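Here's the structure we're looking at; comments come further down.
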Amino acid sequence: GLMGDLIGLIAKRLSFGVLTLLVISVLIFMGTEALPGDLAEAILGQSATPDALAAIREKLNLNLPSHERYVIWLSSFLQGDLGVSLANGREISSLISGRFANTLFLASVAAAVSVPLSVTLGLMAALYQGSIFDRVVSMATLSTISFPEFFIGYVLIVFLSVQFSVFPSISSVTDDMSFFEKLYAIALPVMTLTLVVMAHMMRLSRAAIISILNRPFIEMAELKGLSRFRVIVHHAFPNALAPIINVVVLNLAYLVVGVIIVEVVFVYPGMGQLFVDSVSKRDLPMVQACGLIFAGTYVLLNLTADVLSIITNPRLRYPK
């Protein structure tokens with residue numbers, strides 16, 4: 001029946017997601033494998049003795065064929081053992097956990113600001129469709145979309161940090177800071193991320209609500225004499241929720257990954273910063289771990305968006 005169809009659809013999406021992640025993990029592994037140079041020599045330096053090289057090759061499984069190494073790497077990764085950083089010999093999982101928490105903090109504060117703001121602006125723009133307000137909001141959001149994150153970041157630094165020192169230009173966050181001190185420290189990166197994702201969310205919310213406003217049942221409600229505001233809040237908005245939820249979740253996925261550039265601009269101690277540092281230090285296990293975690297988060301959130309849109313799609317729940 002219907003429930004079976006729904007579960008079937010969701011299972012299909014999930015298995016596709018798992019497959020995507022597998023392909024990504026193979027690509028990440030091959031990409032880091034293909035980097036030039038000998039890993040064992042890179043670790044021990046040029047003057048290493050053959051014995052020492054042999055020992056470290058043994059320890060890192062470098063003498064196994066690469067498909068076996070891939071299987072060992074992936075299975076230990078799934079068990080939570082991400083290996084050891086080459087840069088300082090510490091457990092990668094312990095180095096990453098705090099950084100990942102910081103990235104999620106930044107992304108969720110940005111989401112908490114941008115989601116309600118975008119949806120409200122989208123609602124207002126739909127309500128006053130074609131008005132000056134609608135045009136100004138559309139122009140403003142479109143112009144922020146056309147600039148890359150780092151450019152928006154630097155513009156904010158120039159104005160809010162250099163010209164008028166309202167916010168710090170370097171977002172250094174430590175564990176002993178209070179919640180509000182942290183919020184103050186990340187004000188600029190949050191603004192940057194908000195400006196980057198807001199346009200997409202706002203335009204889609206507006207489009208979703210407008211397409212519902214043109215349906216017959218809205219006309220009926222208006223003929224009954226309900227106020228425009230009430231029609232939108234009680235009739236249009238709940239029906240436009242599915243596409244809006246979808247675009248919100250997709251933008252969360254973008255926030256977690258788009259955060260990389262923003263973290264580097266604001267020297268924020270998150271995963272993105274760690275990822276970029278590890279690439280320049282040629283810390284391959286760290287690069288692999290960060291890459292896989294970013295990819296995993298992105299794919300998971302995309303899957304969530306897919307599954308939510310299946311569940312909230314009225315056409316699937318009440319087929320004609």
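Residues are referred to by chain and number: the chain letter is A, B, ... according to the order shown in the structure tokens, the number counts from 1 in that chain, and ligands are numbered separately from 1 in the order shown.
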Discussion item. Based on the backbone DSSP call, show me all residues of segment 9-225 of chain A assigned alpha helix (DSSP H), as an MDAnalysis selection string.
Written reply: chainID A and resid 9:33 39:44 50:59 66:78 92:127 132:145 149:157 179:185 187:213 216:223
Practice prompt. For segment 269-273 of chain A, please output as a list of chain:residue names all residues within 7 Å (counting only C-alpha atoms; exclusion window: fewer than 6 positions along the same chain).
Written response: A:Arg99, A:Phe100, A:Asn102, A:Thr103, A:Ser172, A:Val173, A:Val259, A:Ile260, A:Glu263
File of the preceding selection, C-alpha atoms, as a PDB file, in the first residue's frame:
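Result went into selection28.pdb, see below:
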ATOM      1  CA  ARG A  99      37.104  21.328  15.775  1.00  0.00           C
ATOM      2  CA  PHE A 100      34.000  19.658  14.402  1.00  0.00           C
ATOM      3  CA  ASN A 102      33.235  24.469  16.578  1.00  0.00           C
ATOM      4  CA  THR A 103      32.216  24.150  12.934  1.00  0.00           C
ATOM      5  CA  SER A 172      39.265  33.053  18.008  1.00  0.00           C
ATOM      6  CA  VAL A 173      36.991  30.959  20.194  1.00  0.00           C
ATOM      7  CA  VAL A 259      32.021  27.173   6.208  1.00  0.00           C
ATOM      8  CA  ILE A 260      35.525  26.052   5.069  1.00  0.00           C
ATOM      9  CA  GLU A 263      36.764  29.745   8.627  1.00  0.00           C
TER      10      GLU A 263
END
Worksheet item: Nearest to Gly122 of chain A: which of A:Ala55, A:Ala101, A:Ala305, A:Met202 is it, counting only C-alpha atoms?
Response: A:Met202
Fill in: Exercise: Tyr184 of chain A partners within 12 Å, only C-alpha atoms, chain neighbours under 2 positions left out, as a PyMOL selection string
chain A and resi 106+109+166-173+177-182+186-191
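Residue nearest Val23 of chain A within the list A:Tyr70, A:Tyr268, A:Phe133, A:Tyr254: A:Tyr70 [criterion: smallest interatomic distance, only C-alpha atoms].
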Practice prompt. Find, counting only C-alpha atoms, the residue in A:Ala289, A:Ala208, A:Val276, A:Leu193 that gets nearest to Phe29 of chain A.
Written response: A:Ala289
Worksheet item: Contacts of segment 3-16 of chain A at 8 Å or less, counting only C-alpha atoms, minus same-chain residues fewer than 3 places along, as an MDAnalysis selection string?
Response: chainID A and resid 19:20 303 306:307 310:311 316
Print the selection's residues with N, CA and C atoms to a file, as a PDB file, in the first residue's frame.
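The file below, part-v2.pdb, is the result:
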ATOM      1  N   LEU A  19      25.708   4.513  -1.125  1.00  0.00           N
ATOM      2  CA  LEU A  19      26.528   4.290  -2.321  1.00  0.00           C
ATOM      3  C   LEU A  19      27.364   5.530  -2.654  1.00  0.00           C
ATOM      4  N   THR A  20      26.696   6.693  -2.592  1.00  0.00           N
ATOM      5  CA  THR A  20      27.394   7.952  -2.857  1.00  0.00           C
ATOM      6  C   THR A  20      28.585   8.103  -1.918  1.00  0.00           C
ATOM      7  N   LEU A 303      20.392  13.809   2.115  1.00  0.00           N
ATOM      8  CA  LEU A 303      19.470  12.676   2.259  1.00  0.00           C
ATOM      9  C   LEU A 303      18.276  13.069   3.110  1.00  0.00           C
ATOM     10  N   ASP A 306      15.933  14.995   1.132  1.00  0.00           N
ATOM     11  CA  ASP A 306      15.197  14.101   0.227  1.00  0.00           C
ATOM     12  C   ASP A 306      14.059  13.394   0.952  1.00  0.00           C
ATOM     13  N   VAL A 307      14.418  12.775   2.089  1.00  0.00           N
ATOM     14  CA  VAL A 307      13.437  11.986   2.832  1.00  0.00           C
ATOM     15  C   VAL A 307      12.307  12.885   3.338  1.00  0.00           C
ATOM     16  N   ILE A 310       9.994  13.706   0.598  1.00  0.00           N
ATOM     17  CA  ILE A 310       9.121  12.560   0.276  1.00  0.00           C
ATOM     18  C   ILE A 310       7.973  12.501   1.284  1.00  0.00           C
ATOM     19  N   ILE A 311       8.332  12.646   2.575  1.00  0.00           N
ATOM     20  CA  ILE A 311       7.313  12.512   3.623  1.00  0.00           C
ATOM     21  C   ILE A 311       6.303  13.664   3.578  1.00  0.00           C
ATOM     22  N   LEU A 316       2.345  12.430  -2.562  1.00  0.00           N
ATOM     23  CA  LEU A 316       2.717  11.060  -2.229  1.00  0.00           C
ATOM     24  C   LEU A 316       1.835  10.499  -1.116  1.00  0.00           C
TER      25      LEU A 316
END
Fill in: One-decimal distance in Å that lies between atom CA of Ile212 of chain A and atom CA of Gly225 of chain A
18.1 Å
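For Leu95 of chain A, the set of protein, DNA and RNA residues having any atom at most 10 Å away, when counting only C-alpha atoms and skipping those fewer than 2 positions along the same chain, is Val84, Ser85, Arg90, Glu91, Ile92, Ser93, Ser97, Gly98, Arg99, Phe100, Met271, Leu274 and Met286 of chain A.
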Would you output that residue set with all heavy atoms, as an mmCIF file, in the first residue's frame?
data_model
loop_
_atom_site.group_PDB
_atom_site.id
_atom_site.type_symbol
_atom_site.label_atom_id
_atom_site.label_comp_id
_atom_site.auth_asym_id
_atom_site.auth_seq_id
_atom_site.Cartn_x
_atom_site.Cartn_y
_atom_site.Cartn_z
ATOM 1 N N VAL A 84 46.269 8.172 13.030
ATOM 2 C CA VAL A 84 47.126 9.086 13.791
ATOM 3 C C VAL A 84 47.601 10.199 12.861
ATOM 4 O O VAL A 84 47.935 9.960 11.707
ATOM 5 C CB VAL A 84 48.339 8.309 14.358
ATOM 6 C CG1 VAL A 84 49.302 9.256 15.049
ATOM 7 C CG2 VAL A 84 47.861 7.243 15.338
ATOM 8 N N SER A 85 47.599 11.432 13.370
ATOM 9 C CA SER A 85 48.060 12.564 12.573
ATOM 10 C C SER A 85 49.560 12.469 12.330
ATOM 11 O O SER A 85 50.325 12.166 13.249
ATOM 12 C CB SER A 85 47.738 13.864 13.304
ATOM 13 O OG SER A 85 48.543 14.901 12.810
ATOM 14 N N ARG A 90 49.336 12.646 17.157
ATOM 15 C CA ARG A 90 48.202 12.452 18.074
ATOM 16 C C ARG A 90 47.046 11.781 17.355
ATOM 17 O O ARG A 90 46.960 11.785 16.141
ATOM 18 C CB ARG A 90 47.762 13.804 18.650
ATOM 19 C CG ARG A 90 48.749 14.335 19.691
ATOM 20 C CD ARG A 90 48.428 15.751 20.086
ATOM 21 N NE ARG A 90 47.037 15.886 20.558
ATOM 22 C CZ ARG A 90 46.454 17.067 20.735
ATOM 23 N NH1 ARG A 90 47.094 18.178 20.448
ATOM 24 N NH2 ARG A 90 45.216 17.122 21.176
ATOM 25 N N GLU A 91 46.126 11.219 18.147
ATOM 26 C CA GLU A 91 44.934 10.576 17.586
ATOM 27 C C GLU A 91 44.113 11.608 16.805
ATOM 28 O O GLU A 91 43.771 12.664 17.337
ATOM 29 C CB GLU A 91 44.066 10.024 18.727
ATOM 30 C CG GLU A 91 44.518 8.695 19.273
ATOM 31 C CD GLU A 91 44.170 7.548 18.332
ATOM 32 O OE1 GLU A 91 43.044 7.532 17.799
ATOM 33 O OE2 GLU A 91 45.041 6.684 18.134
ATOM 34 N N ILE A 92 43.777 11.278 15.567
ATOM 35 C CA ILE A 92 43.004 12.215 14.753
ATOM 36 C C ILE A 92 41.628 12.478 15.361
ATOM 37 O O ILE A 92 41.155 13.610 15.388
ATOM 38 C CB ILE A 92 42.869 11.687 13.311
ATOM 39 C CG1 ILE A 92 44.224 11.789 12.620
ATOM 40 C CG2 ILE A 92 41.813 12.463 12.541
ATOM 41 C CD1 ILE A 92 44.230 11.344 11.196
ATOM 42 N N SER A 93 41.000 11.411 15.904
ATOM 43 C CA SER A 93 39.639 11.596 16.424
ATOM 44 C C SER A 93 39.610 12.624 17.553
ATOM 45 O O SER A 93 38.684 13.425 17.645
ATOM 46 C CB SER A 93 39.055 10.265 16.879
ATOM 47 O OG SER A 93 40.022 9.503 17.547
ATOM 48 N N SER A 97 37.421 16.168 17.101
ATOM 49 C CA SER A 97 36.126 16.316 17.773
ATOM 50 C C SER A 97 35.827 17.762 18.185
ATOM 51 O O SER A 97 34.739 18.269 17.926
ATOM 52 C CB SER A 97 36.040 15.382 18.973
ATOM 53 O OG SER A 97 37.099 15.660 19.857
ATOM 54 N N GLY A 98 36.809 18.439 18.800
ATOM 55 C CA GLY A 98 36.598 19.830 19.217
ATOM 56 C C GLY A 98 36.399 20.749 18.034
ATOM 57 O O GLY A 98 35.548 21.647 18.041
ATOM 58 N N ARG A 99 37.184 20.504 16.974
ATOM 59 C CA ARG A 99 37.104 21.328 15.775
ATOM 60 C C ARG A 99 35.753 21.174 15.100
ATOM 61 O O ARG A 99 35.154 22.137 14.617
ATOM 62 C CB ARG A 99 38.201 20.914 14.770
ATOM 63 C CG ARG A 99 39.616 21.224 15.208
ATOM 64 C CD ARG A 99 39.796 22.719 15.347
ATOM 65 N NE ARG A 99 41.185 23.083 15.437
ATOM 66 C CZ ARG A 99 41.871 23.631 14.432
ATOM 67 N NH1 ARG A 99 41.292 23.851 13.285
ATOM 68 N NH2 ARG A 99 43.129 23.974 14.602
ATOM 69 N N PHE A 100 35.273 19.919 15.065
ATOM 70 C CA PHE A 100 34.000 19.658 14.402
ATOM 71 C C PHE A 100 32.867 20.329 15.190
ATOM 72 O O PHE A 100 31.946 20.899 14.615
ATOM 73 C CB PHE A 100 33.759 18.150 14.275
ATOM 74 C CG PHE A 100 32.648 17.792 13.343
ATOM 75 C CD1 PHE A 100 32.611 18.319 12.069
ATOM 76 C CD2 PHE A 100 31.633 16.929 13.737
ATOM 77 C CE1 PHE A 100 31.584 17.999 11.190
ATOM 78 C CE2 PHE A 100 30.601 16.602 12.869
ATOM 79 C CZ PHE A 100 30.579 17.145 11.589
ATOM 80 N N MET A 271 36.771 22.846 11.635
ATOM 81 C CA MET A 271 37.248 21.764 10.767
ATOM 82 C C MET A 271 37.839 22.286 9.470
ATOM 83 O O MET A 271 38.800 21.739 8.948
ATOM 84 C CB MET A 271 36.069 20.860 10.399
ATOM 85 C CG MET A 271 35.701 19.851 11.410
ATOM 86 S SD MET A 271 36.636 18.337 11.255
ATOM 87 C CE MET A 271 35.912 17.598 9.821
ATOM 88 N N LEU A 274 41.321 23.381 9.914
ATOM 89 C CA LEU A 274 42.141 22.188 10.146
ATOM 90 C C LEU A 274 42.417 21.477 8.818
ATOM 91 O O LEU A 274 43.543 21.050 8.538
ATOM 92 C CB LEU A 274 41.394 21.237 11.083
ATOM 93 C CG LEU A 274 42.088 19.950 11.526
ATOM 94 C CD1 LEU A 274 43.312 20.267 12.370
ATOM 95 C CD2 LEU A 274 41.150 19.057 12.306
ATOM 96 N N MET A 286 44.946 12.960 8.091
ATOM 97 C CA MET A 286 44.069 14.036 8.566
ATOM 98 C C MET A 286 43.212 14.566 7.415
ATOM 99 O O MET A 286 42.007 14.789 7.575
ATOM 100 C CB MET A 286 44.927 15.151 9.164
ATOM 101 C CG MET A 286 44.115 16.252 9.776
ATOM 102 S SD MET A 286 43.232 15.696 11.240
ATOM 103 C CE MET A 286 44.340 16.265 12.508
#
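What separates atom CA of Met124 of chain A from atom CA of Arg215 of chain A is a distance of 18.5 Å.
Nearest to Leu213 of chain A of all the residues A:Lys281, A:Leu127, A:Leu195, A:Ile132 is A:Leu127, based on only C-alpha atoms.
Our summary of the geometry notes that atom CA of Ile293 of chain A is positioned 12.4 Å from atom CA of Leu22 of chain A.
Across A:Val119, A:Ala52, A:Val257, A:Val262, the tightest approach to Thr297 of chain A is made by A:Val257 when counting only C-alpha atoms.
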Practice prompt. Please provide as a VMD selection string all residues within 10 Å of Phe147 of chain A, with the sequence filter that same-chain residues fewer than 5 positions apart are discarded (counting only C-alpha atoms).
Written response: chain A and resid 142 152 195 to 196
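Between Ala110 of chain A and the candidates A:Ile24, A:Leu250, A:Leu183, A:Ala240, the tightest atom-to-atom separation, counting only C-alpha atoms, involves A:Leu183.
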